[in-house]
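Chemist: I'd like to ask some things about the structure below.
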Amino acid sequence: MKKIMFLYHVKERELAIISFISQQITENVANVEIRSGEFYSSILETIQFDPDVIVSIPPRDCYSSNYLTVLKMITGAVVISMNTEGYYVFTPKEIKMVTGYNTYAKELVDYYLMWGPKTRRILGEALWNEGKLTDRRRIKTTGYVWYQKDLVIEGFERHTIYHSMQKWIHQHKKNILVLTGFLVADSSIKDYQILGYFGDDKPLNKRTPLEITQAQKSIEAEREFRRYIDMIIFLAQNNPDIGFLVKLHPIEIEEKNKSYDELERYPNIFLLKDAIPVGAALNLVDSMVHYNSTCNLEAYIYNIPTIQVYDDSKKTSFEFVWQMKGESTYLVHIKDVQKLNKLIREEAVFKKSRSMEKTLYNLYGWKSGKAYRAIEKSAYYISKAQKPQRLRLRDQEVLHAMNSDQGRKIINMLKQDILLNITDFRKVSKDIFALCKVYIFYYIINFLIKDKMPL
C-alpha cells in the first residue's frame with residue numbers, strides 16, 4: 001500500500017485543496033492510504049504513519065525545513081513542496097520571501113509543484129542559485145487548483161453555507177463581493193517578526209531601534225487602512241438595495257479576527273467567516289471590491305469586474321499591497337468613497353484584457369477557452385512520486401537540522417510518547433525504531449564531519 005501524508009499550514013486555505021487532490025488520487029490509484037494534518041502539530045503522527053510521500057508546505061523557514069529534514073531521515077519518504085498561496089510580483093524581495101531566507105540540503109525536496117511556466121522559471125532559478133535544488137526537472141507545473149472553475153463550483157454547491165449565501169443574495173437587486181485581509185493591523189512587533197515582514201530571519205533581540213520604529217510605523221499604517229471597514233459600512237448604508245458579501249481572509253478566520261464583527265449589524269452585509277474558496281462566492285456576485293489581492297486574477301476567470309481600492313498617500317518601511325495600484329478593471333483611492341459608490345450604483349462592467357490573460361498563463365498555466373486540469377496534474381505527480389533523493393550524511397545542513405531545536409523536539413516527542421504509551425507495543429516499537437534512527441544518523445554524521453556537537 002502506498003501511503004501519502006499531506007501537511008498543511010493554514011487549514012482554511014489549504015485543506016479543501018488537499019481534499020480535491022486526495023479524492024482524485026483515491027479514484028485513480030489502487031491500494032493507497034492518505035492522511036492530512038497541520039504541519040507543526042502532526043510531526044509525531046507523520047513518523048508513526050511512516051508515509052512513502054510527504055506533501056508539505058514550502059519549507060521556507062528554518063522551522064519547517066529542519067522538521068522535514070529529520071522526518072525524511074526517519075521515514076525515507078519522497079518530499080514534495082506544494083505551493084498554495086497567491087503571489088505574482090517577482091521583485092527580488094518577493095522572490096526571497098517566497099523561497100525563504102533559510103537554507104537546507106538540496107536533496108531535501110524531491111519535487112516542487114508550481115503553477116505556471118513563469119513561476120517555475122523564476123522561482124526555480126532562485127531555488128537553484130540558493131542550493132535548494134538538484135535538478136531543474138524536479139520542478140513540475142500543475143496549475144492552481146482553485147482556478148479549475150467547474151470542480152470548485154460543483155464542490156461547494158453542496159456546502160451548507162453556500163445555500164445560505166444563495167438565499168441571502170436573492171434578496172438584493174445586485175451583490176458585491178468585498179475581500180478583507182489586514183492582519184498586520186492587529187499585530188505586535190513579535191507578530192511582525194514571525195510573519196517575516198522584516199525581510200530576513202535575524203532574531204528580534206538583534207533588531208536596531210530604527211528597525212523597530214519602522215516596523216511600528218508599518219503596523220500603524222496598516223491599522224489606518226482599517227478605514228476599509230468604514231468604507232464598507234458607508235456603502236451598505238447608502239445602498240440598502242445592494243448586498244455586500246464580505247469574505248474574511250483565511251488567516252483572519254484562523255486567528256478569529258473580531259475587527260469585522262460590527263458589520264453583522266447591517267442587514268445587507270453578509271459576513272462570510274467560513275473557509276470557502278473565492279470562486280464559490282464569485283459565482284454568485286456581480287462585481288468584486290478588493291485591495292490588490294491576487295483574487296483579482298481569479299475574478300477575471302469568472303468574468304467578474306473588479307474594483308481595487310488603494311492608498312498610496314503614506315509610504316512605510318514595508319510596502320503593503322494596498323499601497324500599490326494593480327491591474328484591475330477599475331482603480332479607486334480609498335478616500336474617494338463617492339467614486340466607489342457611483343461605480344457600484346451604475347454597475348461595473350467586465351473588460352477583457354490581454355495582459356491579464358498573459359499573466360494568468362505565465363503564472364498559472366490558464367488559457368481562456370482551454371480545459372484546465374490542475375487537480376489531475378497535482379494528483380498525478382504526487383501519486384507517481386517514488387525514489388526519494390538520499391540526504392548526504394556529510395552535508396552540514398543535515399547536521400544543522402539534526403542539532404536544531406526542531407530536531408531535539410522530535411527526540412523529546414518520541415521519548416514522551418514512549419512513556420505515555422508504554423503498554424501499546426506497536427506504537428512504542430515504532431517510536432523506539434524512529435528514535436534509534438535519529439541517534440544512529442546523528443552519530444554517523446558527527447563522525448563523518450568530525451564536528452561533534454551535543455544532542
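Going by the C-alpha cells order, chains are called A, B, ..., each with residues numbered from 1, while ligands are numbered from 1 in the order shown.
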Residues of stretch 161-331 of chain A in strand (DSSP E or B) according to DSSP, as a ChimeraX atom specification?
Modeler: /A:174-179,242-247,269-272,287-290,306-310,330-331
Chemist: Would you export the selected residues with N, CA and C atoms as a compact mmCIF listing (two decimals), in the first residue's frame, please?
Modeler:
```txt
# COMPACT_ATOMS: atom_id res chain seq x y z
N LYS A 174 -28.61 43.50 -6.72
CA LYS A 174 -27.26 43.10 -7.14
C LYS A 174 -26.43 42.85 -5.88
N ASN A 175 -25.30 42.15 -6.09
CA ASN A 175 -24.48 41.78 -4.95
C ASN A 175 -23.00 42.03 -5.25
N ILE A 176 -22.30 42.53 -4.25
CA ILE A 176 -20.88 42.87 -4.39
C ILE A 176 -20.07 42.02 -3.41
N LEU A 177 -19.03 41.38 -3.91
CA LEU A 177 -18.11 40.65 -3.04
C LEU A 177 -17.02 41.61 -2.59
N VAL A 178 -16.78 41.68 -1.28
CA VAL A 178 -15.74 42.55 -0.73
C VAL A 178 -14.74 41.67 0.02
N LEU A 179 -13.45 41.76 -0.35
CA LEU A 179 -12.42 40.96 0.28
C LEU A 179 -11.70 41.76 1.37
N ILE A 242 -28.57 46.91 -2.25
CA ILE A 242 -27.43 46.13 -2.73
C ILE A 242 -26.88 45.28 -1.59
N GLY A 243 -26.55 44.03 -1.90
CA GLY A 243 -25.99 43.14 -0.91
C GLY A 243 -24.47 43.16 -0.96
N PHE A 244 -23.82 43.19 0.21
CA PHE A 244 -22.36 43.20 0.29
C PHE A 244 -21.89 41.93 1.00
N LEU A 245 -21.35 41.03 0.22
CA LEU A 245 -20.84 39.76 0.74
C LEU A 245 -19.38 39.97 1.12
N VAL A 246 -19.09 40.08 2.42
CA VAL A 246 -17.75 40.39 2.91
C VAL A 246 -17.04 39.09 3.31
N LYS A 247 -16.03 38.74 2.55
CA LYS A 247 -15.30 37.49 2.79
C LYS A 247 -14.00 37.75 3.54
N ILE A 269 -25.36 43.27 4.73
CA ILE A 269 -23.98 42.78 4.75
C ILE A 269 -23.99 41.33 5.24
N PHE A 270 -23.40 40.46 4.46
CA PHE A 270 -23.25 39.05 4.84
C PHE A 270 -21.77 38.83 5.14
N LEU A 271 -21.44 38.61 6.42
CA LEU A 271 -20.05 38.42 6.81
C LEU A 271 -19.71 36.94 6.70
N LEU A 272 -18.88 36.62 5.73
CA LEU A 272 -18.54 35.24 5.43
C LEU A 272 -17.29 34.82 6.20
N SER A 287 -19.91 41.99 -8.96
CA SER A 287 -18.59 42.61 -9.04
C SER A 287 -17.85 42.35 -7.73
N MET A 288 -16.56 42.71 -7.71
CA MET A 288 -15.74 42.45 -6.53
C MET A 288 -14.91 43.67 -6.17
N VAL A 289 -14.90 44.02 -4.88
CA VAL A 289 -14.06 45.11 -4.37
C VAL A 289 -12.92 44.46 -3.60
N HIS A 290 -11.68 44.90 -3.86
CA HIS A 290 -10.53 44.28 -3.19
C HIS A 290 -9.44 45.33 -2.98
N THR A 306 -13.71 43.94 -11.44
CA THR A 306 -13.09 44.16 -10.13
C THR A 306 -12.79 45.64 -9.90
N ILE A 307 -12.91 46.05 -8.65
CA ILE A 307 -12.62 47.42 -8.26
C ILE A 307 -11.55 47.36 -7.17
N GLN A 308 -10.36 47.85 -7.47
CA GLN A 308 -9.31 47.86 -6.45
C GLN A 308 -9.32 49.18 -5.69
N VAL A 309 -9.39 49.07 -4.38
CA VAL A 309 -9.28 50.23 -3.51
C VAL A 309 -7.84 50.28 -3.02
N TYR A 310 -7.19 51.43 -3.16
CA TYR A 310 -5.78 51.52 -2.77
C TYR A 310 -5.54 52.81 -1.98
N TYR A 330 -11.18 48.51 -12.45
CA TYR A 330 -11.27 49.89 -12.00
C TYR A 330 -10.35 50.10 -10.80
N LEU A 331 -9.81 51.32 -10.67
CA LEU A 331 -8.97 51.69 -9.54
C LEU A 331 -9.59 52.89 -8.83
```
Chemist: Which stretch 147-265 of chain A residues have any atom within 9 Å of an atom of stretch 86-109 of chain A, and for each, what is the nearest pair of atoms with distance in Å to one decimal, counting only C-alpha atoms, rows sorted by chain and number, as CSV?
Modeler:
```
residue,atom,partner,partner_atom,distance
A:Gly196,CA,A:Met97,CA,7.8
A:Tyr197,CA,A:Met97,CA,8.9
A:Gly199,CA,A:Met97,CA,7.0
A:Asp200,CA,A:Tyr101,CA,6.1
A:Asp201,CA,A:Tyr101,CA,6.4
```
Chemist: Give me a file of those residues, with all heavy atoms, as a PDB file, in the first residue's frame.
Modeler:
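Below is the file that was written, again.pdb:
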```pdb
ATOM      1  N   GLY A 196       7.505  37.452   9.086  1.00  0.00           N
ATOM      2  CA  GLY A 196       8.579  37.636   8.116  1.00  0.00           C
ATOM      3  C   GLY A 196       8.634  38.991   7.455  1.00  0.00           C
ATOM      4  O   GLY A 196       9.328  39.183   6.457  1.00  0.00           O
ATOM      5  N   TYR A 197       7.915  39.985   8.023  1.00  0.00           N
ATOM      6  CA  TYR A 197       7.842  41.286   7.374  1.00  0.00           C
ATOM      7  C   TYR A 197       9.121  42.118   7.489  1.00  0.00           C
ATOM      8  O   TYR A 197       9.271  43.120   6.801  1.00  0.00           O
ATOM      9  CB  TYR A 197       6.650  42.091   7.914  1.00  0.00           C
ATOM     10  CG  TYR A 197       5.308  41.511   7.519  1.00  0.00           C
ATOM     11  CD1 TYR A 197       4.249  41.460   8.415  1.00  0.00           C
ATOM     12  CD2 TYR A 197       5.103  41.009   6.236  1.00  0.00           C
ATOM     13  CE1 TYR A 197       3.021  40.927   8.058  1.00  0.00           C
ATOM     14  CE2 TYR A 197       3.889  40.477   5.866  1.00  0.00           C
ATOM     15  CZ  TYR A 197       2.850  40.438   6.772  1.00  0.00           C
ATOM     16  OH  TYR A 197       1.642  39.904   6.415  1.00  0.00           O
ATOM     17  N   GLY A 199      11.887  40.962   6.561  1.00  0.00           N
ATOM     18  CA  GLY A 199      12.585  40.597   5.326  1.00  0.00           C
ATOM     19  C   GLY A 199      13.803  39.721   5.515  1.00  0.00           C
ATOM     20  O   GLY A 199      14.476  39.385   4.547  1.00  0.00           O
ATOM     21  N   ASP A 200      14.118  39.340   6.751  1.00  0.00           N
ATOM     22  CA  ASP A 200      15.211  38.403   6.982  1.00  0.00           C
ATOM     23  C   ASP A 200      14.922  37.658   8.281  1.00  0.00           C
ATOM     24  O   ASP A 200      13.941  37.924   8.965  1.00  0.00           O
ATOM     25  CB  ASP A 200      16.568  39.105   7.037  1.00  0.00           C
ATOM     26  CG  ASP A 200      16.646  40.164   8.123  1.00  0.00           C
ATOM     27  OD1 ASP A 200      16.325  39.834   9.286  1.00  0.00           O
ATOM     28  OD2 ASP A 200      17.011  41.317   7.829  1.00  0.00           O
ATOM     29  N   ASP A 201      15.771  36.678   8.614  1.00  0.00           N
ATOM     30  CA  ASP A 201      15.492  35.847   9.782  1.00  0.00           C
ATOM     31  C   ASP A 201      16.324  36.222  11.010  1.00  0.00           C
ATOM     32  O   ASP A 201      16.506  35.425  11.916  1.00  0.00           O
ATOM     33  CB  ASP A 201      15.697  34.363   9.447  1.00  0.00           C
ATOM     34  CG  ASP A 201      17.112  34.069   8.960  1.00  0.00           C
ATOM     35  OD1 ASP A 201      17.913  35.020   8.853  1.00  0.00           O
ATOM     36  OD2 ASP A 201      17.408  32.894   8.695  1.00  0.00           O
TER      37      ASP A 201
END
```
Chemist: Please, which residues of stretch 191-348 of chain A, numbered as in this document, come out alpha helix (DSSP H) from DSSP, as a VMD selection string?
Modeler: chain A and resid 191 to 194 209 to 224 227 to 238 250 to 254 278 to 282 295 to 301 337 to 346
Chemist: Can you pull out the residues contacting A:Val278? Cut-off 8 Å, using only C-alpha atoms, and skip same-chain residues under 4 positions away; I want them as an mmCIF file with all heavy atoms, in the first residue's frame.
Modeler:
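Printed below is selection12.cif as written:
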```cif
data_model
loop_
_atom_site.group_PDB
_atom_site.id
_atom_site.type_symbol
_atom_site.label_atom_id
_atom_site.label_comp_id
_atom_site.auth_asym_id
_atom_site.auth_seq_id
_atom_site.Cartn_x
_atom_site.Cartn_y
_atom_site.Cartn_z
ATOM 1 N N LEU A 282 -17.593 34.122 -6.049
ATOM 2 C CA LEU A 282 -17.605 34.853 -7.324
ATOM 3 C C LEU A 282 -18.741 34.391 -8.226
ATOM 4 O O LEU A 282 -19.282 35.164 -9.024
ATOM 5 C CB LEU A 282 -16.266 34.658 -8.043
ATOM 6 C CG LEU A 282 -15.081 35.446 -7.493
ATOM 7 C CD1 LEU A 282 -13.783 34.944 -8.107
ATOM 8 C CD2 LEU A 282 -15.251 36.938 -7.748
ATOM 9 N N CYS A 295 -6.721 37.542 -5.791
ATOM 10 C CA CYS A 295 -8.046 37.067 -6.198
ATOM 11 C C CYS A 295 -8.579 37.878 -7.379
ATOM 12 O O CYS A 295 -9.571 37.493 -8.012
ATOM 13 C CB CYS A 295 -9.021 37.150 -5.029
ATOM 14 S SG CYS A 295 -8.616 36.012 -3.691
ATOM 15 N N GLU A 298 -8.418 35.635 -10.161
ATOM 16 C CA GLU A 298 -9.472 34.620 -10.101
ATOM 17 C C GLU A 298 -10.806 35.192 -10.579
ATOM 18 O O GLU A 298 -11.569 34.526 -11.285
ATOM 19 C CB GLU A 298 -9.597 34.118 -8.662
ATOM 20 C CG GLU A 298 -10.262 32.780 -8.534
ATOM 21 C CD GLU A 298 -9.982 32.131 -7.194
ATOM 22 O OE1 GLU A 298 -9.075 32.583 -6.472
ATOM 23 O OE2 GLU A 298 -10.669 31.156 -6.869
#
```
Chemist: In Å, with one decimal, what is the gap from atom CA of A:Ser41 to atom CA of A:Met413?
Modeler: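 Going from atom CA of A:Ser41 over to atom CA of A:Met413, I get 10.9 Å.
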Chemist: Residues at most 6 Å from A:Met5, counting only C-alpha atoms, excluding those fewer than 6 positions away in the same chain, as a PyMOL selection string?
Modeler: chain A and resi 34-36+54
